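Notes follow once the structure below has been shown.
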Amino acid sequence: MIRAKSSQWITGLFLLLSGHAAFAGWGDLNMTRGVTEISREVYDLHMIIFGVCVLIGIVVFGVMIVSMLMHRKSLGAKPATFHENTRLEYLWTIIPIVILIGLAVPATGTLRAMYDAGESDLDIEVRGLQWKWQYTYLNEDPTREVKFVSNLLTPATEINNQADKGQFYLLEVDEPLVIPVNKRIRFLITSEDVIHAWWVPAFAVKKDAVPGFVHESWAIVEEPGVYRGQCAELCGKDHGFMPIVVHAVEQSEYETWLAGKQEEARLVYETVGKEWTKDELMATGEDVYARVCQTCHQANGQGIPPAFPSLVGTGLSVGPIDAHIDIVVNGKAGTAMQAFGSQLNPAELAAVITYERNAWGNDTGDVLQPSRVNEMLTGGQ
Amino acid sequence: MSAVIEEHHDDHHHGPDKGIMRWVLTTNHKDIGTLYLWFSFIMFLTGGVMALVIRAELFQPGLQLVQPEFFNQMTTMHGLIMVFGAVMPAFVGLANWLVPMMIGAPDMALPRMNNFSFWILPFAFAMLLSSLLMEGGAPNFGWTFYAPLSTDYGPPSTTFFIFGVHLMGISSIMGSINVIVTILNLRAPGMTLMKMPLFVWTWLITAYLLIAVMPVLAGVVTMMLMDIHFNTAFFNAGGGGDPVLFQHVFWFFGHPEVYIMILPAFGVVSAIIPTFARKRLFGYDSMVYATASIAFLSFIVWAHHMFTVGIPIAGELYFMYATMLIAVPTGVKVFNWVATMWQGSMTFETPMLFSIAFVILFTIGGFSGLMLAIVPADFQYHDTYFVVAHFHYVLVPGSVFSIMAAVYYWLPKWTGNMYNETLGKTHFWLSFIGVNITFFPQHFTGLAGMPRRIPDYALQFADYNMISSCGAFLFGFSQLLFLFIVIRTIKGGKKATDQVWEGAHGLEWTIPSPAPYHTFSTPPKDLSEAHG
Ligand code: HEM
Ligand SMILES: [Cu+2]
Ligand SMILES: [Cu+2]
């Protein structure tokens with residue numbers, strides 16, 4: 001252990017001394033050039049300002065260094081007596097102003113292009129939640145609205161160093177956002193809880209997701225590919241663990257994908273209407289529970305008190321069903337128990353609640369129908 | 001005025017009281033200055049340990065030492081402690097020691113209030129630090145405590161944090177009132193405003209900034225308190241409020257705040273460079289005007305911290321232009337320092353080394369500031385390590401180096417002993433190298449896309465983070481050498497002359513070393529030495 005640690009320190013120092021020979025190259029040190037026209041303009045702007053700073057730096061630091069080498073007491077330098085020079089002082093006020101104007105002009109141009117609200121080909125709502133992103137492909141027909149949540153895929157074992165880290169460690173999700181190339185996509189960015197920020201460097205899109213407000217941003221992606229980003233505003237515990245992955249694909253591929261998703265959405269929509277048997281609910285509920293709830297409440301329902309309460313034999317899971325539905329749908333503000341109403345569909349919600357009320361020896365015998373949950377979700381209650 | 005002081009003549013002979021009560025009850029500006037400086041150093045080490053916890057966790061990808069909850073508490077507490085506990089009190093300590101000695105005043109104008117403004121601080125920070133032991137942990141929402149993360153989603157200790165911030169604010173406001181009253185009323189006869197040393201000028205302006213913005217900070221935390229406990233909804237969109245309102249109010253305080261932390265540093269450096277260049281400060285008048293314009297501009301640029309919150313384009317453009325404008329007076333200052341060095345007769349004692357490093361590294365921080373001001377580029381930089389690199393360049397080799405330069409420069413006057421020059425230079429070089437190894441690579445991690453405030457990161461950022469962590473430990477441990485040097489100098493060493501430095505000018509160098517407990521009980525007659 002000690003040995004491993006000290007060898008890492010040595011590697012660190014070595015990397016330091018060997019300069020960037022050990023690194024993958026310039027691309028890793030600099031801003032992403034990106035795959036949209038805007039992102040390339042931003043990159044060019046960045047390089048221009050950077051260049052200007054380097055030039056000014058060379059002049060100013062150059063003068064300082066010459067001075068430090070020549071005007072030393074040890075070399076017998078005698079101090080001069082000047083202590084002002086009006087012309088010089090005007091000059092070094094005016095020159096910077098001119099340089100700044102030179103920078104402001106292209107910056108203004110790029111910014112105007114970014115703010116230009118043109119007609120979009122596709123609108124996607126991006127919703128930040130602690131700690132994942134939810135994407136909705138807006139569609140006038142609600143039965144054809146595709147909506148899903150994109151979670152971190154990296155397993156806890158990798159994060160906790162019990163397994164080797166994969167290539168896309170912390171930058172991989174279970175369900176990426178899929179968009180067509182060469183189409184103008186409008187992102188409508190908002191949040192469910194705290195402020196997040198949706199950032200994809202390759203698109204030069206970074207916008208805060210503010211609860212209660214919808215902000216707009218857009219991109220026309222020119223090259224198919226997988227683009228990765230991260231949440232860029234501190235949003236609590238797992239702020240570092242809510243990546244963004246965007247697949248940009250050709251239009252035809254996008255359409256196939258969308259059709260599949262819409263079919264899924266339609267099925268779900270239909271399932272809500274039908275009468276479910278208890279067995280069906282229990283089976284689906286067990287799945288959902290394992291997928292979503294188990295990390296906190298544990299497979300045996302016992303939780304990890306006091307952080308995560310037990311659901312067995314006590315509390316809402318064996319109490320009045322309305323309160324039970326309420327906490328699962330709306331969550332409890334300020335605790336880890338989130339509002340699952342927007343993440344699970346009504347069938348899944350009904351199933352998992354039915355499951356909790358009848359598993360691990362809980363014997364309420366209650367059977368909750370998806371239609372009932374749907375009523376509550378759509379304000380029927 | 002001087003008649004009043006004359007009446008206390010009998011006091012002059014007795015020195016400080018004995019024992020602990022000297023420090024608790026003291027109204028002497030030198031004692032209070034010392035208290036502030038030690039307090040600040042303790043906070044510097046405390047905040048430093050937290051920084052090392054952060055850097056140790058970030059040494060490698062993966063979670064090794066701490067969990068994300070605790071990591072967030074560390075970043076939050078580190079920022080709050082360094083800003084409010086280390087940098088600001090250090091400058092107040094320097095103001096206490098130096099302002100009266102530089103303007104020929106016997107003490108601060110309001111000595112009891114002075115005592116009170118210091119003694120509030122240990123309680124404020126004890127309260128803040130105690131939150132680490134509370135259920136739910138310490139504040140974990142970043143030093144900028146954006147709502148609703150800090151309101152609806154904050155830990156229970158948030159209320160203690162709010163109370164702590166109120167106390168710090170009261171302390172700062174009282175401290176600034178004291179500085180202003182002292183400077184405006186107690187200058188030796190004949191010392192006009194435009195004859196004051198620049199350190200006094202920068203503090204006068206800083207004090208006005210403090211009085212203007214600390215109440216705004218108090219306001220914003222009070223609104224938080226109301227949202228948390230009294231069901232208001234200032235920052236809750238669900239109740240008709242606006243989370244972005246929080247950021248506007250916070251940064252209206254926050255941007256001037258960063259200048260509060262750098263203007264006195266400008267003053268320190270403007271005192272030290274002429275001394276060791278043996279040449280008068282270049283462009284005194286323009287230095288004063290530049291400081292004043294920076295202070296003014298600092299009030300009208302706040303939203304440059306909020307370019308991504310969805311401000312309309314007119315707002316973005318205005319805040320971009322205004323922010324870029326700050327580079328002009330800042331440039332004037334840098335050029336003046338360089339012109340002061342030019343054709344001087346320089347020697348490179350420790351204070352001079354720290355000051356030159358200040359000029360170079362602060363300028364690098366100014367460059368990245370200029371880059372951040374360009375809105376489209378800021379969309380890529382914002383909330384990444386690039387910003388972390390920017391503000392650490394202006395704050396560590398900026399403010400913190402200037403404080404260290406000041407301590408080396410005036411320590412012989414305070415203690416009567418010279419510090420060990422070899423050790424001082426060693427401390428400088430270790431700090432200089434450490435700071436650059438720590439923060440320079442962060443420009444690259446930021447550009448490459450690493451967000452700030454994350455406990456774990458993707459693999460492509462690994463190399464730079466490792467380097468950064470090595471540098472942080474080097475810098476951190478070098479500060480123990482600083483502590484050692486200071487203690488050794490207090491205990492003994494080569495006796496300092498009254499003037500201490502060959503090229504030093506200013507009233508503080510006309511009094512004996514160590515400075516007697518009471519100085520300038522009668523105002524000085526000869527002001528020819530007043531400023532360099
Ligand atoms: C040429 C002068 C400067 C300019 C143009 C400038 C510009 C900026 C900008 C635009 C940001 C926001 C970046 C972002 O979040 O995306 C920023 C952040 C910051 N600056 Fe500066 N800055 C300057 C000097 C300073 C100085 C002198 C200090 C303090 C001594 C300072 C301290 C900070 C701090 C602490 C932050 C980050 C605050 C946070 O988000 O936690 N800056 N600066
Ligand atoms: Cu986040
Ligand atoms: Cu600012």
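We name chains A, B, ... following the order of the structure tokens; residues begin at 1 in each chain, and ligands are numbered from 1 as shown.
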Show me which residues sit within 10 Å of ligand 2 when counting only C-alpha atoms and all ligand atoms, and put them as a CSV table (one decimal) with C-alpha atoms, in the first residue's frame.
```
chain,number,residue,atom,x,y,z
A,128,GLY,CA,-31.5,18.2,-14.8
A,129,LEU,CA,-32.4,16.1,-11.8
A,130,GLN,CA,-30.2,15.2,-8.8
A,131,TRP,CA,-28.1,13.5,-10.4
A,132,LYS,CA,-29.1,12.5,-13.9
A,194,VAL,CA,-31.4,22.6,-7.9
A,195,ILE,CA,-29.4,24.4,-10.6
A,196,HIS,CA,-27.4,22.2,-12.9
A,197,ALA,CA,-25.6,23.1,-16.1
A,198,TRP,CA,-25.8,21.2,-19.4
A,208,ASP,CA,-27.6,26.6,-16.6
A,209,ALA,CA,-30.6,24.4,-15.9
A,230,GLN,CA,-20.6,16.8,-17.8
A,231,CYS,CA,-22.8,18.8,-15.5
A,232,ALA,CA,-21.1,22.1,-14.9
A,233,GLU,CA,-22.8,23.5,-11.9
A,234,LEU,CA,-22.4,22.2,-8.4
A,235,CYS,CA,-25.7,20.4,-7.7
A,236,GLY,CA,-25.0,18.4,-4.5
A,237,LYS,CA,-23.4,15.1,-3.6
A,238,ASP,CA,-23.2,13.4,-7.0
A,239,HIS,CA,-22.5,16.5,-9.1
A,240,GLY,CA,-19.4,14.8,-10.5
A,241,PHE,CA,-21.4,11.8,-11.5
A,242,MET,CA,-24.0,13.0,-14.0
A,243,PRO,CA,-22.4,12.9,-17.4
B,451,PRO,CA,-15.5,20.8,-14.4
B,452,ARG,CA,-14.7,22.3,-11.0
B,453,ARG,CA,-16.0,21.0,-7.6
B,454,ILE,CA,-16.0,17.3,-8.5
```
**Message:** How would you report the residues lying within 8 Å of ligand 3, as a PyMOL selection string, if you count only C-alpha atoms and all ligand atoms?
**Reply:** chain B and resi 251+254-256+258+298+301-305
**Prompt:** Residues of range 276-359 of chain B in alpha helix (DSSP H) according to DSSP, as an MDAnalysis selection string?
**Reply:** chainID B and resid 276:277 284:297 313:341 350:359
**Request:** Write out as a PyMOL selection string each polymer residue whose atoms come within 8 Å of range 430-438 of chain B, counting only C-alpha atoms; drop sequence neighbours fewer than 2 positions from it.
**Result:** chain B and resi 357+396-397+426-428+440-442+467-475+478-479
**Request:** Kindly provide, as a ChimeraX atom specification, all nucleotide and amino acid residues lying within 7 Å of ligand 1, counting only C-alpha atoms and all ligand atoms.
**Result:** /B:143-144,258-259,261-262,304-306,323-324,326-327,330,365-367,369-370,372-373,378,381-383,387-388,390-391,394-395,398-399
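Closest to chain B among A:Trp133, A:Phe340, A:Phe213, A:Phe187 is A:Phe213, based on only C-alpha atoms.
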**Message:** Residues of chain A were defined as contacting chain B if any atom lay at most 6 Å from it, counting only C-alpha atoms; please report them as number ranges by chain.
**Reply:** A: 12, 28-31, 42, 46, 53, 67, 71-73, 77-80, 83-84, 111, 159-160, 169-170, 194, 206-208, 212, 232, 237, 240, 334
**Request:** Choose the residue, out of A:Val312, A:Leu344, A:Ile304, A:Met47, that has the smallest atom-to-atom separation from Arg291 in chain A; count only C-alpha atoms.
**Result:** A:Leu344
**Asked** Which distance in Å separates CA of Phe246 in chain B and CA of Phe234 in chain B, to one decimal?
**Response** 8.1 Å
**Message:** As an exercise, work out the distance from CA of Met418 in chain B to CA of Glu502 in chain B in Å and give it to one decimal place.
**Reply:** 13.6 Å
**Prompt:** Which is closest to Glu264 in chain A among A:Val146, A:Cys293, A:Ala339, A:Met282, if we use only C-alpha atoms?
**Reply:**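 Looking only at the distances to Glu264 in chain A, the closest residue turns out to be A:Val146.
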**Asked** Skipping near chain neighbours, those fewer than 2 positions away, what residues fall within 10 Å of Arg266 in chain A using only C-alpha atoms, listed as a PyMOL selection string?
**Response** chain A and resi 142-146+260-264+268-271
**Item:** Two-atom distance - CA of Phe61 in chain A, CA of Val269 in chain B (Å)
**Value:**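 Those two atoms sit 16.7 Å apart.
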**Request:** Pick out each residue of range 28-265 of chain A that DSSP on the backbone tags as strand (DSSP E or B); I need them as a PyMOL selection string.
**Result:** chain A and resi 72+122-129+132-137+146-150+152+173+177-180+184-191+196-200+205-209+211+215-220+225-231+243-249
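Using only C-alpha atoms for every distance, the candidate list A:Asn362, A:Thr314, A:Thr81, A:Thr284 yields A:Thr284 as the residue closest to Ala347 in chain A.
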